[in-house]
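Peer 1: Got model-v2.cif for you, mmCIF, C-alpha atoms and all ligand atoms:
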```
data_upload
loop_
_atom_site.label_atom_id
_atom_site.label_comp_id
_atom_site.auth_asym_id
_atom_site.auth_seq_id
_atom_site.Cartn_x
_atom_site.Cartn_y
_atom_site.Cartn_z
CA MET A 1 7.94 -18.23 -11.06
CA ALA A 2 8.88 -15.82 -13.85
CA ARG A 3 10.16 -12.52 -12.53
CA ARG A 4 9.34 -9.24 -14.18
CA TRP A 5 12.00 -7.34 -12.30
CA THR A 6 15.62 -7.69 -13.23
CA ASN A 7 17.11 -7.50 -9.76
CA THR A 8 15.51 -9.49 -7.02
CA LEU A 9 16.62 -10.15 -3.48
CA THR A 10 15.77 -12.97 -1.16
CA SER A 11 15.08 -12.71 2.53
CA ALA A 12 18.72 -13.74 3.07
CA ASP A 13 19.76 -10.41 1.59
CA VAL A 14 17.80 -8.37 4.06
CA THR A 15 20.20 -6.46 6.27
CA PRO A 16 19.95 -4.25 9.33
CA LYS A 17 18.67 -0.75 8.72
CA ALA A 18 21.99 1.12 8.82
CA ALA A 19 23.75 -1.17 6.36
CA PHE A 20 20.62 -1.39 4.26
CA LEU A 21 20.56 2.32 3.66
CA ASN A 22 24.07 2.23 2.25
CA ARG A 23 23.64 -0.66 -0.04
CA ARG A 24 23.53 -0.47 -3.77
CA GLN A 25 20.69 -3.01 -3.59
CA ILE A 26 18.43 -0.37 -2.17
CA MET A 27 17.94 0.66 -5.76
CA ALA A 28 17.46 -2.88 -7.04
CA GLY A 29 13.71 -2.63 -7.29
CA ILE A 30 13.95 0.77 -8.87
CA GLY A 31 16.41 -0.55 -11.45
CA GLY A 32 13.77 -3.11 -12.27
CA MET A 33 11.42 -0.31 -13.05
CA ALA A 34 13.60 0.63 -16.00
CA GLY A 35 12.80 -2.74 -17.50
CA LEU A 36 9.15 -2.24 -16.85
CA ALA A 37 9.05 1.15 -18.48
CA GLY A 38 10.90 -0.11 -21.56
CA ILE A 39 12.76 2.48 -23.59
CA GLY A 40 11.43 5.27 -21.47
CA GLY A 41 12.80 3.51 -18.44
CA LEU A 42 16.22 5.05 -18.08
CA PRO A 43 15.24 8.59 -17.23
CA GLN A 44 12.62 7.13 -14.92
CA ALA A 45 15.24 5.05 -13.16
CA ALA A 46 17.58 8.03 -12.96
CA GLN A 47 14.82 10.07 -11.42
CA ALA A 48 14.06 7.28 -9.01
CA GLU A 49 17.73 7.12 -8.00
CA THR A 50 17.36 10.53 -6.37
CA LEU A 51 14.55 9.33 -4.10
CA GLU A 52 15.68 9.93 -0.56
CA PRO A 53 13.83 7.74 1.95
CA ASN A 54 12.30 9.30 5.02
CA SER A 55 13.77 8.37 8.38
CA TRP A 56 12.72 5.28 10.34
CA GLU A 57 11.35 7.71 12.92
CA ASP A 58 9.12 9.49 10.37
CA VAL A 59 7.74 6.28 8.90
CA THR A 60 7.02 4.55 12.21
CA THR A 61 5.68 7.42 14.32
CA TYR A 62 3.55 9.41 11.85
CA CYS A 63 0.95 6.80 10.97
CA ASN A 64 -2.66 6.28 10.05
CA TYR A 65 -4.13 3.10 11.51
CA TYR A 66 -7.55 3.99 12.87
CA GLU A 67 -8.05 0.63 14.59
CA PHE A 68 -5.57 2.04 17.13
CA GLY A 69 -6.89 5.59 17.23
CA THR A 70 -7.16 8.54 14.90
CA GLY A 71 -4.11 10.46 16.14
CA LYS A 72 -0.92 10.16 14.07
CA GLY A 73 0.96 8.92 17.14
CA ASP A 74 -1.72 6.47 18.34
CA PRO A 75 -0.64 3.49 16.19
CA ALA A 76 2.95 3.69 17.47
CA LYS A 77 1.60 3.92 21.03
CA TYR A 78 -1.02 1.15 20.93
CA ALA A 79 -0.29 -1.27 18.08
CA GLY A 80 2.48 -3.02 20.01
CA GLN A 81 -0.16 -5.18 21.72
CA LEU A 82 -1.35 -6.67 18.42
CA THR A 83 -0.65 -10.40 18.10
CA THR A 84 0.72 -10.97 14.60
CA SER A 85 1.89 -14.57 14.92
CA PRO A 86 0.42 -16.99 14.03
CA TRP A 87 -1.20 -15.24 11.08
CA SER A 88 -3.09 -16.49 8.10
CA VAL A 89 -4.78 -14.94 5.11
CA LYS A 90 -8.04 -16.34 3.82
CA ILE A 91 -8.10 -16.22 0.02
CA ASP A 92 -11.55 -16.93 -1.34
CA GLY A 93 -14.10 -16.07 -4.00
CA LEU A 94 -13.23 -16.68 -7.64
CA VAL A 95 -10.01 -18.65 -7.13
CA ASP A 96 -9.05 -22.24 -7.95
CA ARG A 97 -7.45 -22.91 -4.56
CA PRO A 98 -9.43 -21.10 -1.85
CA GLY A 99 -8.29 -21.52 1.73
CA ASP A 100 -6.46 -20.19 4.75
CA TYR A 101 -2.89 -19.47 3.74
CA ASP A 102 -0.40 -19.47 6.60
CA PHE A 103 1.75 -16.34 6.52
CA GLN A 104 5.04 -18.23 6.99
CA GLN A 105 4.05 -20.62 4.23
CA ILE A 106 3.27 -17.68 1.94
CA LEU A 107 6.67 -16.15 2.70
CA SER A 108 8.44 -19.38 1.83
CA GLU A 109 6.83 -19.34 -1.61
CA MET A 110 7.43 -15.68 -2.46
CA THR A 111 10.46 -13.79 -3.69
CA LEU A 112 11.08 -10.78 -1.46
CA GLU A 113 12.30 -7.59 -3.07
CA GLU A 114 13.19 -4.17 -1.77
CA ARG A 115 11.60 -1.15 -3.41
CA ILE A 116 11.63 2.53 -2.62
CA TYR A 117 8.28 4.11 -3.40
CA ARG A 118 6.79 7.53 -2.98
CA PHE A 119 3.79 7.36 -0.63
CA ARG A 120 1.09 10.04 -0.86
CA CYS A 121 -1.72 10.28 1.69
CA VAL A 122 -5.07 11.74 0.67
CA GLU A 123 -4.52 14.25 3.49
CA ALA A 124 -1.82 15.86 1.28
CA TRP A 125 1.30 14.73 3.09
CA SER A 126 3.89 12.42 1.58
CA MET A 127 6.88 10.26 2.43
CA VAL A 128 9.37 8.03 0.66
CA VAL A 129 9.44 4.52 2.09
CA PRO A 130 11.85 1.61 1.43
CA TRP A 131 9.55 -1.41 1.49
CA THR A 132 10.34 -5.10 1.50
CA GLY A 133 7.71 -7.33 -0.03
CA PHE A 134 6.51 -9.42 -2.92
CA GLU A 135 4.21 -8.74 -5.82
CA LEU A 136 0.54 -9.25 -5.06
CA ALA A 137 0.29 -10.93 -8.49
CA ASP A 138 2.47 -13.78 -7.21
CA LEU A 139 0.21 -14.39 -4.23
CA LEU A 140 -2.89 -14.30 -6.43
CA ASN A 141 -1.24 -16.78 -8.80
CA LEU A 142 -0.67 -19.08 -5.85
CA ALA A 143 -4.42 -19.15 -5.28
CA GLY A 144 -5.21 -19.30 -9.02
CA VAL A 145 -7.41 -16.45 -10.25
CA GLN A 146 -10.45 -17.68 -12.17
CA ALA A 147 -11.47 -16.25 -15.54
CA GLY A 148 -14.57 -14.48 -14.21
CA ALA A 149 -12.71 -12.45 -11.56
CA LYS A 150 -12.65 -8.68 -12.12
CA TYR A 151 -11.89 -7.20 -8.69
CA VAL A 152 -9.96 -7.98 -5.53
CA GLY A 153 -11.31 -7.12 -2.08
CA PHE A 154 -9.14 -6.92 1.05
CA GLU A 155 -9.96 -6.97 4.76
CA THR A 156 -7.93 -5.99 7.81
CA LEU A 157 -8.01 -7.98 11.02
CA TYR A 158 -10.84 -6.94 13.33
CA ARG A 159 -9.89 -7.82 16.92
CA PRO A 160 -11.42 -5.34 19.36
CA SER A 161 -9.58 -6.80 22.37
CA GLU A 162 -6.27 -5.62 20.86
CA MET A 163 -7.50 -2.66 18.83
CA PRO A 164 -8.71 0.15 21.09
CA GLY A 165 -9.71 2.38 18.18
CA THR A 166 -12.41 -0.05 17.08
CA ALA A 167 -14.44 0.91 20.16
CA TYR A 168 -15.32 4.00 18.10
CA ARG A 169 -17.21 3.83 14.84
CA ALA A 170 -14.69 6.03 13.03
CA LEU A 171 -15.17 3.57 10.18
CA ASP A 172 -17.36 0.55 9.56
CA TRP A 173 -14.99 -2.23 10.72
CA PRO A 174 -13.31 -4.31 9.50
CA TYR A 175 -11.30 -1.88 7.36
CA ARG A 176 -11.92 -2.89 3.75
CA GLU A 177 -10.30 -1.96 0.47
CA GLY A 178 -10.36 -3.06 -3.14
CA LEU A 179 -8.66 -2.90 -6.51
CA ARG A 180 -9.63 -3.73 -10.04
CA LEU A 181 -7.96 -7.01 -11.03
CA ASP A 182 -5.59 -5.37 -13.54
CA GLU A 183 -4.47 -2.91 -10.83
CA ALA A 184 -3.94 -5.80 -8.42
CA LEU A 185 -1.87 -7.72 -10.97
CA HIS A 186 0.27 -4.70 -11.89
CA PRO A 187 3.94 -5.34 -11.04
CA LEU A 188 4.16 -2.15 -8.95
CA THR A 189 1.47 -3.46 -6.58
CA LEU A 190 3.28 -4.83 -3.58
CA MET A 191 2.39 -6.87 -0.52
CA ALA A 192 4.80 -5.38 1.98
CA THR A 193 6.24 -7.40 4.84
CA GLY A 194 8.93 -4.96 5.91
CA ILE A 195 10.44 -1.48 5.86
CA PHE A 196 14.13 -0.54 5.94
CA GLY A 197 14.98 -4.23 5.64
CA LYS A 198 13.24 -5.13 8.91
CA ASP A 199 9.89 -6.79 9.55
CA LEU A 200 6.97 -4.36 9.41
CA PRO A 201 6.36 -2.68 12.76
CA ASN A 202 2.79 -3.30 13.93
CA GLN A 203 1.83 0.34 13.44
CA ASN A 204 2.75 0.08 9.76
CA GLY A 205 0.52 -2.94 9.17
CA ALA A 206 2.31 -6.10 10.33
CA PRO A 207 2.64 -8.75 9.24
CA LEU A 208 1.57 -7.87 5.71
CA ARG A 209 -0.09 -4.90 4.05
CA LEU A 210 -0.82 -3.66 0.59
CA VAL A 211 1.20 -0.90 -1.09
CA VAL A 212 -0.22 0.71 -4.24
CA PRO A 213 2.16 3.62 -4.86
CA TRP A 214 0.12 5.48 -7.47
CA LYS A 215 -2.99 5.67 -5.27
CA TYR A 216 -3.74 7.61 -2.11
CA GLY A 217 -2.40 5.89 0.98
CA PHE A 218 -5.77 4.75 2.33
CA LYS A 219 -5.93 2.16 -0.47
CA SER A 220 -2.81 0.56 1.06
CA ILE A 221 -4.69 -1.52 3.62
CA LYS A 222 -2.81 -2.87 6.63
CA SER A 223 -2.66 -6.22 8.48
CA ILE A 224 -4.59 -8.16 5.84
CA VAL A 225 -6.50 -11.30 6.86
CA ARG A 226 -8.70 -11.81 3.82
CA ILE A 227 -8.43 -11.42 0.05
CA THR A 228 -11.54 -12.08 -2.04
CA LEU A 229 -11.72 -12.29 -5.83
CA THR A 230 -15.06 -11.06 -7.13
CA ASP A 231 -16.84 -10.06 -10.31
CA THR A 232 -18.33 -6.91 -8.77
CA GLU A 233 -16.66 -3.82 -7.29
CA PRO A 234 -16.05 -4.50 -3.59
CA GLN A 235 -17.23 -2.11 -0.90
CA THR A 236 -14.44 -0.09 0.64
CA SER A 237 -14.39 1.53 4.09
CA TRP A 238 -13.61 5.13 3.15
CA ASN A 239 -15.99 5.08 0.22
CA MET A 240 -18.74 3.72 2.49
CA ALA A 241 -17.95 6.46 5.03
CA ASN A 242 -18.07 9.28 2.46
CA ALA A 243 -18.42 8.44 -1.23
CA ARG A 244 -18.22 12.10 -2.25
CA GLU A 245 -14.77 12.46 -0.74
CA TYR A 246 -13.21 9.03 -1.28
CA GLY A 247 -13.68 7.33 -4.63
CA PHE A 248 -13.03 3.68 -5.38
CA TYR A 249 -10.06 4.49 -7.65
CA SER A 250 -8.37 7.23 -5.61
CA ASN A 251 -5.47 7.59 -8.01
CA VAL A 252 -3.17 10.43 -6.96
CA ASN A 253 -4.25 13.35 -9.15
CA PRO A 254 -3.18 16.97 -8.61
CA GLU A 255 -6.08 18.17 -10.76
CA VAL A 256 -8.90 16.59 -8.81
CA SER A 257 -9.34 18.36 -5.48
CA HIS A 258 -10.67 16.69 -2.39
CA PRO A 259 -13.96 18.49 -1.68
CA ARG A 260 -12.32 20.12 1.37
CA TRP A 261 -8.75 20.79 0.16
CA SER A 262 -6.59 20.98 -2.95
CA GLN A 263 -4.48 18.02 -4.03
CA ALA A 264 -2.16 20.17 -6.20
CA THR A 265 0.66 20.20 -3.66
CA GLU A 266 1.85 18.10 -0.74
CA ARG A 267 3.78 18.45 2.49
CA ARG A 268 6.76 16.16 2.64
CA ILE A 269 7.00 14.66 6.14
CA GLY A 270 10.41 15.37 7.64
CA GLY A 271 10.88 18.48 5.55
CA GLY A 272 10.65 20.77 8.57
CA LEU A 273 8.15 23.42 9.50
CA PHE A 274 9.24 25.95 6.89
CA ALA A 275 9.88 23.62 3.96
CA SER A 276 8.00 24.61 0.83
CA ARG A 277 5.32 22.29 -0.43
CA ALA A 278 6.12 20.03 -3.38
CA ASP A 279 3.97 19.75 -6.49
CA THR A 280 1.93 16.57 -6.49
CA GLN A 281 2.60 14.36 -9.49
CA MET A 282 -0.07 12.63 -11.54
CA PHE A 283 -0.29 8.99 -10.41
CA ASN A 284 2.24 10.03 -7.75
CA GLY A 285 4.97 9.95 -10.41
CA TYR A 286 4.19 6.43 -11.67
CA GLY A 287 2.25 7.52 -14.76
CA ASP A 288 4.65 5.90 -17.24
CA GLU A 289 3.88 2.57 -15.64
CA VAL A 290 0.17 2.82 -14.86
CA ALA A 291 -1.56 5.52 -16.94
CA SER A 292 -2.53 2.98 -19.60
CA LEU A 293 -4.67 1.12 -17.06
CA TYR A 294 -7.07 4.07 -17.26
CA ASP A 295 -7.11 4.75 -21.00
CA GLY A 296 -10.44 6.21 -22.00
CA MET A 297 -11.61 6.75 -18.42
CA ASP A 298 -12.70 10.15 -17.13
CA LEU A 299 -10.49 10.37 -14.04
CA ALA A 300 -12.44 13.30 -12.61
CA LYS A 301 -15.58 11.17 -12.68
CA HIS A 302 -13.88 7.95 -11.58
CA PHE A 303 -11.82 9.62 -8.86
N1 LIG A 401 -5.28 0.24 6.99
C1 LIG A 401 -6.06 0.02 8.07
N2 LIG A 401 -6.43 -1.24 8.36
N3 LIG A 401 -6.51 1.03 8.85
C2 LIG A 401 -6.20 2.33 8.58
O1 LIG A 401 -6.65 3.24 9.31
N4 LIG A 401 -5.03 3.90 7.08
C3 LIG A 401 -4.67 4.10 5.68
C4 LIG A 401 -3.68 3.04 5.19
N5 LIG A 401 -4.09 1.72 5.59
C5 LIG A 401 -5.38 2.61 7.44
C6 LIG A 401 -4.92 1.52 6.67
C7 LIG A 401 -4.14 5.43 5.44
S1 LIG A 401 -5.25 6.74 5.48
C8 LIG A 401 -2.82 5.65 5.15
S2 LIG A 401 -2.26 7.20 4.68
C9 LIG A 401 -1.83 4.56 5.27
O2 LIG A 401 -2.40 3.34 5.72
C10 LIG A 401 -0.74 4.98 6.23
O3 LIG A 401 0.31 4.04 6.24
P1 LIG A 401 1.53 4.30 7.21
O4 LIG A 401 0.98 4.61 8.57
O5 LIG A 401 2.34 3.03 7.19
O6 LIG A 401 2.28 5.47 6.63
#
```
Could you spell out this file's structure in structure tokens?
Peer 2:
Amino acid sequence: MARRWTNTLTSADVTPKAAFLNRRQIMAGIGGMAGLAGIGGLPQAAQAETLEPNSWEDVTTYCNYYEFGTGKGDPAKYAGQLTTSPWSVKIDGLVDRPGDYDFQQILSEMTLEERIYRFRCVEAWSMVVPWTGFELADLLNLAGVQAGAKYVGFETLYRPSEMPGTAYRALDWPYREGLRLDEALHPLTLMATGIFGKDLPNQNGAPLRLVVPWKYGFKSIKSIVRITLTDTEPQTSWNMANAREYGFYSNVNPEVSHPRWSQATERRIGGGLFASRADTQMFNGYGDEVASLYDGMDLAKHF
């Protein structure tokens, strides 16, 4: 399969966390971004080189995964009981090869890469996470996207016996998300299977979750069991819960406030109690790569 990123790693390259953090390869995915951004890529890559990942502790204990409770510590406390093997992903709708795709089989067909991305929650906190994963485009190509497809819908596992948070109707389960097809096929859009070179901990969405770094974190749906190609915009959980507060696009945008708080700045997790807030960047800093997807769109209207 043709690669759009210059430096790719295979699962054989994945190393334990400590060694991983010291490796030059940690920047491999970021180096690839230079290629993506073309001539403008070098400064972008240089900027990316300064990205300092959060700690393992930050990423795995400060989580949002409402199926296990709404507290930030609930997923780390309760997600351990989730059975993640065997696992399969149903891919259906407007695809040539619909079916149940076994997770191990998917892994054997994909090229794993390591990428450090900024991650910005709609609640105005942020982290930097070193993900391992493959491009969603490659998985969609495996299933064969049909010409009429315009959107991609995603669903999380719904298994009340292992998910205590689903006893409450915090959201309309199963958790659902969606992307426009061009967003889904964008090379930055990742299906993550790991962090810090290790398999994804359950609380972070094992065994595979979406990562869309230029959108608010709630678009990055965890523990995916179904992917559906459609010609109409799919319903999404947060939009169904409150359409005024959570739009379908949810691109990170410092100029469009959440109805109840500003999005102009963010609190970097791990920065300490007295750390000053950082300015939020348009498209979370990935504008060079993705702004053209929204040419001509009013982003305040399509928030
Ligand atoms: N996916 C599911 N299934 N359930 C959730 O509650 N929370 C979302 C997103 N994906 C969520 C989810 C939100 S609001 C955020 S900010 C991120 O996951 C958090 O990812 P993290 O806990 O790995 O940082």
Peer 1: I'd like a table as CSV: residues in chain A with an atom no more than 7 Å from ligand LIG 401 (chain A), each row giving the shortest atom pair and its distance in Å to one decimal, only C-alpha atoms and all ligand atoms counted, sorted by chain and rising residue number.
Peer 2:
```
residue,atom,partner,partner_atom,distance
A:Val59,CA,A:LIG401,O6,6.0
A:Tyr62,CA,A:LIG401,O4,6.4
A:Cys63,CA,A:LIG401,O4,3.2
A:Asn64,CA,A:LIG401,O4,4.3
A:Tyr65,CA,A:LIG401,O1,3.3
A:Tyr66,CA,A:LIG401,O1,3.7
A:Glu67,CA,A:LIG401,N3,6.0
A:Cys121,CA,A:LIG401,S2,4.3
A:Val122,CA,A:LIG401,S2,6.7
A:Thr156,CA,A:LIG401,N2,5.0
A:Tyr175,CA,A:LIG401,N2,5.0
A:Gln203,CA,A:LIG401,O4,6.5
A:Asn204,CA,A:LIG401,O5,3.9
A:Gly205,CA,A:LIG401,O5,6.5
A:Tyr216,CA,A:LIG401,S2,7.0
A:Gly217,CA,A:LIG401,S2,3.9
A:Phe218,CA,A:LIG401,C7,3.6
A:Lys219,CA,A:LIG401,C4,6.2
A:Ser220,CA,A:LIG401,N5,4.8
A:Ile221,CA,A:LIG401,N5,3.8
A:Lys222,CA,A:LIG401,N1,4.0
A:Ser223,CA,A:LIG401,N2,6.2
```
Peer 1: Distance atom CA of A:Lys301-atom CA of A:Asn253, one decimal place?
Peer 2: 12.1 Å
Peer 1: Using only C-alpha atoms, which residue out of A:Leu188, A:Val145, A:Leu210, A:Ser237 lies closest to A:Asp96?
Peer 2: A:Val145
Peer 1: When distances are computed from all atoms listed in the file, which of A:Arg260, A:Lys150, A:Arg268, A:Lys77 shows the smallest separation from A:Gly93?
Peer 2: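 Nearest candidate to A:Gly93 out of A:Arg260, A:Lys150, A:Arg268, A:Lys77: A:Lys150.
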Peer 1: Neighbouring residues of A:Val95 were defined as those with any atom within 8 Å, considering all atoms listed in the file; residues of the same chain fewer than 2 positions away were excluded. Please report them as a count of residues only.
Peer 2: 10
Peer 1: Quick check, in Å to one decimal: how far apart do atom CA of A:Tyr246 and atom CA of A:Pro213 lie?
Peer 2: 16.7 Å
Peer 1: Please determine, counting all atoms listed in the file, which residue among A:Phe103, A:Phe283, A:Trp238, A:Trp131 has the shortest atom-to-atom distance to A:Trp173.
Peer 2: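 Checking each of A:Phe103, A:Phe283, A:Trp238, A:Trp131 against A:Trp173, counting all atoms listed in the file, the winner is A:Trp238.
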Peer 1: Suppose you want the space between atom CA of A:Thr236 and atom CA of A:Gly71; what is it in Å?
Peer 2: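 Between these atoms lies a distance of 21.4 Å.
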Peer 1: Let me make sure I understand: among A:Ile227, A:Leu94, A:Met127, A:Ile269, which one has the smallest atom-to-atom distance to A:Asn284 if we use only C-alpha atoms?
Peer 2: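 Checking each of A:Ile227, A:Leu94, A:Met127, A:Ile269 against A:Asn284, counting only C-alpha atoms, the winner is A:Met127.
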Peer 1: So, with only C-alpha atoms as the atoms that count, which of A:Asp298, A:Glu114, A:Asp288, A:Glu183 lies closest to A:Lys215?
Peer 2: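 Of the candidates, the smallest distance to A:Lys215 is held by A:Glu183.
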Peer 1: Got a sec: who's within 10 Å of A:Trp214, counting only C-alpha atoms, leaving out chain neighbours fewer than 3 positions off, as a PyMOL selection string?
Peer 2: chain A and resi 117-120+188-189+211+217+219+250-253+281-287+289-291
Peer 1: Please provide the set of residues having any atom within 10 Å of A:Asn239, restricted to all atoms listed in the file, with same-chain residues fewer than 3 positions apart removed, written as a ChimeraX atom specification.
Peer 2: /A:176-177,235-236,242-250
Peer 1: My list of candidates is A:Tyr78, A:Trp261, A:Phe274, A:Tyr294. Which is closest to A:Arg180 when distances are computed with all atoms listed in the file?
Peer 2: A:Tyr294
Peer 1: Show which residues sit within 9 Å of A:Gly165, as a list in words. Count only C-alpha atoms, and ignore same-chain residues fewer than 3 positions away.
Peer 2: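 Here the qualifying residues turn out to be Tyr65, Tyr66, Glu67, Phe68, Gly69, Thr70, Asp74, Pro160, Tyr168, Arg169 and Ala170 of chain A.
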